[in-house]
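Quick notes on the structure that follows.
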Protein chains: 2
Amino acid sequence: MLAQRLAGQPATRAQDIACELTDAAGPRLAGSKGDALARAWALEKMKAIGLTNVREEPVTVPHWERGPISVEIVSPSQPLVAAALGGSISTPPGGITAPVLRVTSIEALVALSDDQVRGKIVYFDKPMQRVRDGFASYGQTVDVRGKGAIAAAKKGAVASLIRSVGTSNARFPHTGSMRYQEDVPKIPAAALAIPDADILTRLFARGQTPSVKLVLEATQHPDATSGNILGEVKGRTKPDEIVLIGAHLDSWDLGPGGVDDAAGVGVVLEVARLFLAEPPARTVRVVLFANEENGLKGARAYAVAHAAELPKHHVAFEVDGGAGEAWQLLWTAGEGADAAMAPLAKKLAPLGVEAVLRNDDAGGADLIPLEAAGVPRLGLKQDARRYFDLHHTADDTCDKIDPAEIAQLTAAAWQSVRHVANLPERLPAAPLPKPE
Amino acid sequence: MLAQRLAGQPATRAQDIACELTDAAGPRLAGSKGDALARAWALEKMKAIGLTNVREEPVTVPHWERGPISVEIVSPSQPLVAAALGGSISTPPGGITAPVLRVTSIEALVALSDDQVRGKIVYFDKPMQRVRDGFASYGQTVDVRGKGAIAAAKKGAVASLIRSVGTSNARFPHTGSMRYQEDVPKIPAAALAIPDADILTRLFARGQTPSVKLVLEATQHPDATSGNILGEVKGRTKPDEIVLIGAHLDSWDLGPGGVDDAAGVGVVLEVARLFLAEPPARTVRVVLFANEENGLKGARAYAVAHAAELPKHHVAFEVDGGAGEAWQLLWTAGEGADAAMAPLAKKLAPLGVEAVLRNDDAGGADLIPLEAAGVPRLGLKQDARRYFDLHHTADDTCDKIDPAEIAQLTAAAWQSVRHVANLPERLPAAPLPKPE
């Protein structure tokens, strides 16, 4: 990539590919113009690399579109940087002006009486920690984004604001999916950038109770047609058995999704390119999923369209954790796979991957619909200390990718997939998910 | 400050004051609502600290106001993050769509023929380096912001875009003043955030010639009334001799000016508070200047209003270099002051200030109008490696201040001003500026 070359750092092909995608398509939320540009780019790129059976499989996706937003402390007048959460409804014309109620968790809100909440804008002030296992920290914090508006509306609140579920102190609000519940009024929901959440928090610390004016527009369009993009490297000796390597092609709308998930797209396409030079026993199928971010419709459509073929899926692997270094390999398969997987630890150790672990949660979100078929899964756990500075924000651009880190990630992905794709025996089927 | 306390770091009074200002006034460009809020806050704060002669002196200021902006690569469609430069005119209704011409400097543009430039949007792709002496690097780069639109329009360009004059790779465009020239057509001018400039640069590196659509609104309102805010600590033995310690109260409009220059306001008010406990020989006058950012009208009004009193100005000092550590003290005075200034080196060395140097350029921008009166000047050179990540951007919030660094800066300012304020003799008048 040019910026890296200018800075004297070596570029990597995976990063080049990520920048090609983001430059060609920009932000690419399901149903948007960028979504279509990304699919056209992916078809062309797979063909240029030399993959076979390159094709698009249609997926019906939701189509939510962000409009303008304005969030302002009424007195003393102060604009706050914020973004609507994905799926939010608009405010009424003229917006919503109300006193702010600060709580630090959904549990703290639930403990209040309806009288304390009614008519207020609830502000969920729940900070996320910066740790290597970033998804663990994310998981502990993100409930306020997904379910905060429901909890607030149940008690009569008029809107929900959250401290962005991210780790950067830069002024980029963090979007992501939020939900409504059928029997609960829908209220608008937005995330404040972290320095802007700090402003509110400081006012409360000084004993003030700020009022905020929120004006937010968003449109839920009719469902649109998008698509999964597929391409293959034919297996040498067991071509009818499939090793799925995936990433998602869509991104949130605030930025071009450089690390989420153009980086993953770059890694799996580069791994496929390496396999073209030396095909493994089984067929490697690259799947670039549609609509991971706000629906998982691409992953679900894949599982439906390929239902008959799922028993032939030897393993599935997804890269959707940014561009950071891999430090663990997790795998999910049935009893008896340990001996087959054990040699991978030695192959990955020189790359700095510390452990190869059996774990029932292996794999990315797009692999969830494959769980019911018992498809074995692989996943690399990546260093996420910087990932959640960028994830779902406008600042997620491909220049943020560290060339050395994505090179390590690509090597770890290639080693892992190659090992499994060449195993003499099928991996035993993974345990089925427990019913909820 | 709360955010720092939450993070387990000690707050400093200077930082607390900076956050109070930004929370009370927000962005505060000359003539804006925030400008008025800031002045009200400053008057109240000076009285609360216990300064005397607290007053506002009126200043007529320009009043430029930013409207919406949209910058988009036409094909492949891609939105770019950008901000109008301060003083820019609007685009015509419907905006300007034109092919982009990339140049790396004004000199490179001047070398082209008019035919090569006519009808184009000129893109000045001149990166700024991250160095401790950030103002030197800034000075080498900022000509494209100040004079780029003039140079481009002279050759028939229809708009000017620049790579932001800053050091951050985050997606924050950097605004600042630009100029027009009477006999040259006015064209709109904007800055691209650095990752967005990188997108254009990558397209050119791939041999493409992108077209861009620019829609920009801005309004030059009639001049407004703002004010300098003054307060004093009366000198013990020479109360009619004045030691001016200044900072500027205004900020650019994209953000609340946490390090530019709420930090400076915090430092000089904290230094004044320290002097109240132990007043020096001469009177310390705090001046919080209006309109440093886009006119210097506050500094000019001060020099006019106090013309008769300028001979009694023993020294003037300004903090307008962010919140980073001081590493040099520069001073400007006439021949014969070396012996009086020499002891300061020993007082500042324990703080890590490496040198005390005579330098004709000492002092901040607000001290320029005092040069014609030969007023001696002091200035601390600060570590600016992170300053130009924030300067003139939306991300310039007070939480970015490092408590240890602003504490060192405050101590260095206090030591320096105290030494000079207590000198037995007047400092000899500074050399007058050379006529241009």
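Following the order of the structure tokens, chains are lettered A, B, ..., residues in each are numbered from 1, and ligands are numbered from 1.
Within 7 Å of chain A, chain B contributes the residues Leu2, Ala3, Asp23, Ala24, Ala25, Gly26, Pro76, Gln78, Ala170, Arg171, Pro195, Asp198, Ile199, Arg202, Asp395, Thr397 and Asp399 of chain B, using only C-alpha atoms.
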Any chance you could list, as an MDAnalysis selection string, the residues in segment 67-103 of chain A that come up strand (DSSP E) when DSSP is run on the backbone?
chainID A and resid 67:73 78:80 82:84 96:103
Atoms to include: N, CA and C atoms. Write the selected residues as a compact mmCIF listing (two decimals), in the first residue's frame.
# COMPACT_ATOMS: atom_id res chain seq x y z
N GLY A 67 -29.43 8.94 8.55
CA GLY A 67 -29.58 10.34 8.13
C GLY A 67 -28.75 11.23 9.03
N PRO A 68 -29.00 12.52 8.99
CA PRO A 68 -28.23 13.43 9.85
C PRO A 68 -28.56 13.23 11.34
N ILE A 69 -27.62 13.60 12.19
CA ILE A 69 -27.84 13.55 13.63
C ILE A 69 -27.28 14.82 14.25
N SER A 70 -27.94 15.29 15.29
CA SER A 70 -27.43 16.41 16.07
C SER A 70 -27.76 16.14 17.53
N VAL A 71 -26.75 16.18 18.36
CA VAL A 71 -26.93 15.98 19.80
C VAL A 71 -26.29 17.18 20.49
N GLU A 72 -27.02 17.81 21.37
CA GLU A 72 -26.52 19.05 21.97
C GLU A 72 -26.93 19.14 23.43
N ILE A 73 -25.96 19.46 24.27
CA ILE A 73 -26.32 19.82 25.64
C ILE A 73 -26.98 21.18 25.57
N GLN A 78 -23.62 23.01 24.05
CA GLN A 78 -22.41 22.30 23.65
C GLN A 78 -22.78 21.17 22.69
N PRO A 79 -22.23 21.19 21.47
CA PRO A 79 -22.52 20.08 20.55
C PRO A 79 -21.75 18.83 20.98
N LEU A 80 -22.39 17.68 20.88
CA LEU A 80 -21.74 16.41 21.20
C LEU A 80 -21.66 15.57 19.93
N ALA A 82 -21.94 12.24 18.03
CA ALA A 82 -22.70 11.02 18.27
C ALA A 82 -23.08 10.39 16.94
N ALA A 83 -23.50 9.13 17.00
CA ALA A 83 -23.99 8.43 15.81
C ALA A 83 -25.17 7.56 16.22
N ALA A 84 -26.16 7.50 15.35
CA ALA A 84 -27.29 6.61 15.59
C ALA A 84 -26.79 5.17 15.65
N ILE A 96 -35.97 15.53 20.25
CA ILE A 96 -36.37 15.22 21.62
C ILE A 96 -35.46 16.02 22.54
N THR A 97 -36.04 16.78 23.44
CA THR A 97 -35.26 17.49 24.45
C THR A 97 -35.73 17.01 25.81
N ALA A 98 -34.79 16.53 26.62
CA ALA A 98 -35.18 15.99 27.93
C ALA A 98 -33.98 15.98 28.85
N PRO A 99 -34.23 15.95 30.16
CA PRO A 99 -33.13 15.80 31.10
C PRO A 99 -32.50 14.42 30.96
N VAL A 100 -31.22 14.37 31.25
CA VAL A 100 -30.47 13.12 31.11
C VAL A 100 -30.42 12.40 32.45
N LEU A 101 -30.62 11.08 32.39
CA LEU A 101 -30.46 10.23 33.57
C LEU A 101 -29.26 9.33 33.31
N ARG A 102 -28.24 9.44 34.16
CA ARG A 102 -27.02 8.64 33.96
C ARG A 102 -27.09 7.35 34.77
N VAL A 103 -26.86 6.23 34.09
CA VAL A 103 -26.75 4.94 34.79
C VAL A 103 -25.51 4.23 34.24
Nearest to Val268 of chain A among A:Val353, A:Ala191, A:Leu109, A:Ala412, with distances taken over only C-alpha atoms: which residue is it?
A:Ala412
The distance between atom CA of Ile89 of chain B and atom CA of Val59 of chain B is 24.0 Å
Using only C-alpha atoms, which residues sit within 6 Å of segment 373-388 of chain A once same-chain residues fewer than 3 positions away are excluded, as a PyMOL selection string?
chain A and resi 130-132+134+166-167+315-317+324-333+362-363+370+391+429-430+432
Excluding segment 236-239 of chain B and any residue of its chain fewer than 2 positions from it, enumerate the residues within 10 Å of it, using only C-alpha atoms, and give them as a ChimeraX atom specification.
/B:233-234,241-243,278-284,421-422,424
Print the selection's residues with all heavy atoms to a file, as a short mmCIF file (atom, residue, chain, number, x, y, z; two decimals), in the first residue's frame.
data_model
loop_
_atom_site.label_atom_id
_atom_site.label_comp_id
_atom_site.auth_asym_id
_atom_site.auth_seq_id
_atom_site.Cartn_x
_atom_site.Cartn_y
_atom_site.Cartn_z
N VAL B 233 -2.75 40.49 39.29
CA VAL B 233 -2.19 40.31 40.64
C VAL B 233 -1.27 41.51 40.86
O VAL B 233 -0.27 41.66 40.15
CB VAL B 233 -1.36 39.01 40.74
CG1 VAL B 233 -0.78 38.87 42.15
CG2 VAL B 233 -2.20 37.79 40.36
N LYS B 234 -1.61 42.35 41.81
CA LYS B 234 -0.89 43.62 41.97
C LYS B 234 0.54 43.37 42.47
O LYS B 234 0.76 42.60 43.41
CB LYS B 234 -1.64 44.50 42.96
CG LYS B 234 -1.21 45.95 42.90
CD LYS B 234 -1.98 46.82 43.85
CE LYS B 234 -1.38 48.23 43.83
NZ LYS B 234 -2.11 49.11 44.76
N GLU B 241 4.61 48.53 36.85
CA GLU B 241 5.28 47.80 35.77
C GLU B 241 4.56 46.47 35.55
O GLU B 241 4.20 45.79 36.51
CB GLU B 241 6.76 47.57 36.11
CG GLU B 241 7.52 48.89 36.18
CD GLU B 241 9.01 48.69 36.44
OE1 GLU B 241 9.49 47.55 36.31
OE2 GLU B 241 9.67 49.69 36.78
N ILE B 242 4.38 46.15 34.29
CA ILE B 242 3.45 45.06 33.96
C ILE B 242 4.17 43.85 33.37
O ILE B 242 4.97 43.96 32.45
CB ILE B 242 2.38 45.56 32.97
CG1 ILE B 242 1.47 46.55 33.71
CG2 ILE B 242 1.54 44.41 32.40
CD1 ILE B 242 0.71 47.45 32.82
N VAL B 243 3.83 42.69 33.92
CA VAL B 243 4.25 41.41 33.36
C VAL B 243 3.00 40.76 32.78
O VAL B 243 2.10 40.35 33.53
CB VAL B 243 4.88 40.52 34.46
CG1 VAL B 243 5.15 39.11 33.93
CG2 VAL B 243 6.16 41.16 34.98
N GLU B 278 1.84 34.72 46.67
CA GLU B 278 3.17 35.32 46.87
C GLU B 278 3.42 36.29 45.71
O GLU B 278 4.15 35.97 44.78
CB GLU B 278 4.22 34.19 46.87
CG GLU B 278 5.60 34.59 47.27
CD GLU B 278 6.60 33.44 47.01
OE1 GLU B 278 6.17 32.30 46.73
OE2 GLU B 278 7.80 33.70 47.09
N PRO B 279 2.84 37.48 45.76
CA PRO B 279 2.92 38.40 44.61
C PRO B 279 4.37 38.80 44.33
O PRO B 279 5.14 39.04 45.26
CB PRO B 279 2.10 39.61 45.06
CG PRO B 279 1.22 39.11 46.15
CD PRO B 279 2.01 38.04 46.85
N PRO B 280 4.74 38.87 43.06
CA PRO B 280 6.09 39.33 42.70
C PRO B 280 6.19 40.86 42.79
O PRO B 280 5.20 41.53 43.09
CB PRO B 280 6.25 38.84 41.26
CG PRO B 280 4.87 38.75 40.72
CD PRO B 280 3.96 38.48 41.89
N ALA B 281 7.38 41.37 42.50
CA ALA B 281 7.61 42.82 42.58
C ALA B 281 6.67 43.58 41.64
O ALA B 281 6.06 44.57 42.02
CB ALA B 281 9.06 43.12 42.23
N ARG B 282 6.57 43.07 40.42
CA ARG B 282 5.77 43.79 39.42
C ARG B 282 4.35 43.20 39.33
O ARG B 282 4.11 42.08 39.76
CB ARG B 282 6.45 43.70 38.05
CG ARG B 282 7.81 44.40 38.05
CD ARG B 282 8.54 44.25 36.73
NE ARG B 282 9.82 44.98 36.76
CZ ARG B 282 10.95 44.49 37.27
NH1 ARG B 282 10.99 43.28 37.77
NH2 ARG B 282 12.06 45.23 37.26
N THR B 283 3.45 43.94 38.72
CA THR B 283 2.07 43.49 38.53
C THR B 283 2.00 42.43 37.43
O THR B 283 2.56 42.63 36.34
CB THR B 283 1.17 44.68 38.18
OG1 THR B 283 1.05 45.50 39.36
CG2 THR B 283 -0.22 44.24 37.74
N VAL B 284 1.35 41.34 37.75
CA VAL B 284 1.11 40.29 36.74
C VAL B 284 -0.28 40.51 36.16
O VAL B 284 -1.27 40.54 36.90
CB VAL B 284 1.23 38.89 37.36
CG1 VAL B 284 0.82 37.83 36.35
CG2 VAL B 284 2.64 38.64 37.87
N ALA B 421 9.68 38.59 36.70
CA ALA B 421 8.83 39.59 37.38
C ALA B 421 9.54 40.18 38.60
O ALA B 421 9.20 41.28 39.04
CB ALA B 421 7.51 38.94 37.79
N ASN B 422 10.51 39.46 39.11
CA ASN B 422 11.21 39.92 40.32
C ASN B 422 12.60 40.48 40.04
O ASN B 422 13.33 40.81 40.98
CB ASN B 422 11.33 38.76 41.32
CG ASN B 422 10.01 38.51 42.04
OD1 ASN B 422 9.30 39.44 42.41
ND2 ASN B 422 9.67 37.24 42.22
N PRO B 424 15.63 42.84 39.60
CA PRO B 424 15.79 44.18 40.18
C PRO B 424 15.70 45.28 39.11
O PRO B 424 15.18 46.36 39.38
CB PRO B 424 17.18 44.14 40.81
CG PRO B 424 17.83 42.86 40.37
CD PRO B 424 16.78 41.96 39.87
#
Contacts of Leu249 of chain B within 8 Å, only C-alpha atoms, excl. fewer than 5 positions in-chain, as a PyMOL selection string:
chain B and resi 28+35+38-39+261-262+265+288-291
Quick one: everything within 6 Å of segment 49-52 of chain B, counting only C-alpha atoms, minus sequence neighbours fewer than 3 positions away in the same chain. Send it as a VMD selection string.
chain B and resid 46 231 to 233
Write out as a PDB file with N, CA, C and O atoms, in the first residue's frame which residues come within 9 Å of Ala30 of chain B when counting only C-alpha atoms, dropping same-chain ones fewer than 2 positions away.
ATOM      1  N   ARG B  28     -15.460  27.787  20.174  1.00  0.00           N
ATOM      2  CA  ARG B  28     -15.656  29.211  20.467  1.00  0.00           C
ATOM      3  C   ARG B  28     -14.891  30.084  19.487  1.00  0.00           C
ATOM      4  O   ARG B  28     -14.045  30.906  19.891  1.00  0.00           O
ATOM      5  N   SER B  32     -18.965  33.582  17.629  1.00  0.00           N
ATOM      6  CA  SER B  32     -19.932  32.500  17.834  1.00  0.00           C
ATOM      7  C   SER B  32     -20.559  32.581  19.221  1.00  0.00           C
ATOM      8  O   SER B  32     -20.127  33.343  20.086  1.00  0.00           O
ATOM      9  N   LYS B  33     -21.572  31.741  19.423  1.00  0.00           N
ATOM     10  CA  LYS B  33     -22.203  31.598  20.738  1.00  0.00           C
ATOM     11  C   LYS B  33     -21.166  31.163  21.776  1.00  0.00           C
ATOM     12  O   LYS B  33     -21.146  31.644  22.906  1.00  0.00           O
ATOM     13  N   GLY B  34     -20.295  30.250  21.403  1.00  0.00           N
ATOM     14  CA  GLY B  34     -19.263  29.762  22.323  1.00  0.00           C
ATOM     15  C   GLY B  34     -18.297  30.858  22.743  1.00  0.00           C
ATOM     16  O   GLY B  34     -17.808  30.870  23.882  1.00  0.00           O
ATOM     17  N   ASP B  35     -18.027  31.785  21.844  1.00  0.00           N
ATOM     18  CA  ASP B  35     -17.135  32.911  22.153  1.00  0.00           C
ATOM     19  C   ASP B  35     -17.726  33.701  23.329  1.00  0.00           C
ATOM     20  O   ASP B  35     -17.021  34.037  24.303  1.00  0.00           O
ATOM     21  N   ALA B  36     -19.032  33.978  23.274  1.00  0.00           N
ATOM     22  CA  ALA B  36     -19.685  34.727  24.358  1.00  0.00           C
ATOM     23  C   ALA B  36     -19.692  33.917  25.656  1.00  0.00           C
ATOM     24  O   ALA B  36     -19.431  34.452  26.742  1.00  0.00           O
ATOM     25  N   VAL B  61     -14.338  41.659  15.797  1.00  0.00           N
ATOM     26  CA  VAL B  61     -13.746  40.437  15.231  1.00  0.00           C
ATOM     27  C   VAL B  61     -14.489  40.001  13.970  1.00  0.00           C
ATOM     28  O   VAL B  61     -15.673  40.294  13.805  1.00  0.00           O
ATOM     29  N   PRO B  62     -13.808  39.283  13.090  1.00  0.00           N
ATOM     30  CA  PRO B  62     -14.508  38.677  11.953  1.00  0.00           C
ATOM     31  C   PRO B  62     -15.416  37.563  12.458  1.00  0.00           C
ATOM     32  O   PRO B  62     -15.198  37.011  13.541  1.00  0.00           O
ATOM     33  N   HIS B  63     -16.442  37.256  11.700  1.00  0.00           N
ATOM     34  CA  HIS B  63     -17.377  36.205  12.119  1.00  0.00           C
ATOM     35  C   HIS B  63     -17.665  35.314  10.917  1.00  0.00           C
ATOM     36  O   HIS B  63     -18.579  35.569  10.129  1.00  0.00           O
ATOM     37  N   TRP B  64     -16.869  34.276  10.812  1.00  0.00           N
ATOM     38  CA  TRP B  64     -17.025  33.299   9.728  1.00  0.00           C
ATOM     39  C   TRP B  64     -17.700  32.066  10.308  1.00  0.00           C
ATOM     40  O   TRP B  64     -17.401  31.649  11.423  1.00  0.00           O
ATOM     41  N   ALA B 224     -18.308  41.078  14.322  1.00  0.00           N
ATOM     42  CA  ALA B 224     -19.014  40.956  15.605  1.00  0.00           C
ATOM     43  C   ALA B 224     -18.167  41.591  16.704  1.00  0.00           C
ATOM     44  O   ALA B 224     -17.014  41.953  16.488  1.00  0.00           O
ATOM     45  N   THR B 225     -18.766  41.715  17.867  1.00  0.00           N
ATOM     46  CA  THR B 225     -18.012  42.238  19.004  1.00  0.00           C
ATOM     47  C   THR B 225     -17.661  41.097  19.939  1.00  0.00           C
ATOM     48  O   THR B 225     -18.531  40.346  20.374  1.00  0.00           O
ATOM     49  N   SER B 226     -16.378  40.953  20.200  1.00  0.00           N
ATOM     50  CA  SER B 226     -15.912  40.000  21.193  1.00  0.00           C
ATOM     51  C   SER B 226     -15.122  40.796  22.228  1.00  0.00           C
ATOM     52  O   SER B 226     -15.378  42.005  22.385  1.00  0.00           O
ATOM     53  N   ASP B 250     -10.283  32.094  22.400  1.00  0.00           N
ATOM     54  CA  ASP B 250     -11.047  31.526  21.276  1.00  0.00           C
ATOM     55  C   ASP B 250     -10.467  30.179  20.861  1.00  0.00           C
ATOM     56  O   ASP B 250      -9.378  29.802  21.287  1.00  0.00           O
ATOM     57  N   SER B 251     -11.226  29.459  20.049  1.00  0.00           N
ATOM     58  CA  SER B 251     -10.733  28.208  19.464  1.00  0.00           C
ATOM     59  C   SER B 251     -11.279  28.115  18.048  1.00  0.00           C
ATOM     60  O   SER B 251     -12.200  28.848  17.681  1.00  0.00           O
ATOM     61  N   TRP B 252     -10.747  27.181  17.275  1.00  0.00           N
ATOM     62  CA  TRP B 252     -11.396  26.875  16.020  1.00  0.00           C
ATOM     63  C   TRP B 252     -12.750  26.240  16.308  1.00  0.00           C
ATOM     64  O   TRP B 252     -13.050  25.881  17.454  1.00  0.00           O
ATOM     65  N   ASP B 253     -13.567  26.118  15.288  1.00  0.00           N
ATOM     66  CA  ASP B 253     -14.969  25.751  15.477  1.00  0.00           C
ATOM     67  C   ASP B 253     -15.223  24.249  15.449  1.00  0.00           C
ATOM     68  O   ASP B 253     -16.291  23.802  15.873  1.00  0.00           O
ATOM     69  N   ALA B 290      -8.894  37.541  22.542  1.00  0.00           N
ATOM     70  CA  ALA B 290      -9.938  37.169  21.584  1.00  0.00           C
ATOM     71  C   ALA B 290      -9.307  36.905  20.225  1.00  0.00           C
ATOM     72  O   ALA B 290      -8.262  37.476  19.896  1.00  0.00           O
ATOM     73  N   ASN B 291      -9.941  36.000  19.456  1.00  0.00           N
ATOM     74  CA  ASN B 291      -9.714  35.925  17.999  1.00  0.00           C
ATOM     75  C   ASN B 291      -8.254  35.727  17.588  1.00  0.00           C
ATOM     76  O   ASN B 291      -7.792  36.271  16.607  1.00  0.00           O
ATOM     77  N   GLU B 292      -7.528  34.905  18.348  1.00  0.00           N
ATOM     78  CA  GLU B 292      -6.175  34.582  17.876  1.00  0.00           C
ATOM     79  C   GLU B 292      -6.246  33.788  16.577  1.00  0.00           C
ATOM     80  O   GLU B 292      -5.432  33.959  15.687  1.00  0.00           O
ATOM     81  N   GLU B 293      -7.246  32.907  16.484  1.00  0.00           N
ATOM     82  CA  GLU B 293      -7.224  31.910  15.409  1.00  0.00           C
ATOM     83  C   GLU B 293      -7.414  32.472  14.011  1.00  0.00           C
ATOM     84  O   GLU B 293      -6.788  32.006  13.069  1.00  0.00           O
ATOM     85  N   ASN B 294      -8.305  33.415  13.854  1.00  0.00           N
ATOM     86  CA  ASN B 294      -8.573  33.854  12.477  1.00  0.00           C
ATOM     87  C   ASN B 294      -8.634  35.374  12.374  1.00  0.00           C
ATOM     88  O   ASN B 294      -9.568  35.910  11.794  1.00  0.00           O
ATOM     89  N   GLY B 295      -7.626  36.033  12.969  1.00  0.00           N
ATOM     90  CA  GLY B 295      -7.604  37.475  12.801  1.00  0.00           C
ATOM     91  C   GLY B 295      -6.599  38.203  13.672  1.00  0.00           C
ATOM     92  O   GLY B 295      -6.104  39.257  13.294  1.00  0.00           O
TER      93      GLY B 295
END
Between atom CA of Gly235 of chain A and atom CA of Asn359 of chain A - distance in Å to one decimal
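If I compute the distance from atom CA of Asn359 of chain A to atom CA of Gly235 of chain A, I get 27.2 Å.
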In Å, rounded to a single decimal, give me how far atom CA of Gly322 of chain B is from atom CA of Ala263 of chain B.
6.1 Å
Nearest to Ala247 of chain A among A:Val259, A:Ala305, A:Ala277, A:Ile187, with distances taken over only C-alpha atoms: which residue is it?
A:Val259
Shortest interatomic distance to Lys155 of chain A - which of A:Val184, A:Ala407, A:Val271, A:Leu29, counting only C-alpha atoms:
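Of the candidates, the smallest distance to Lys155 of chain A is held by A:Val184.
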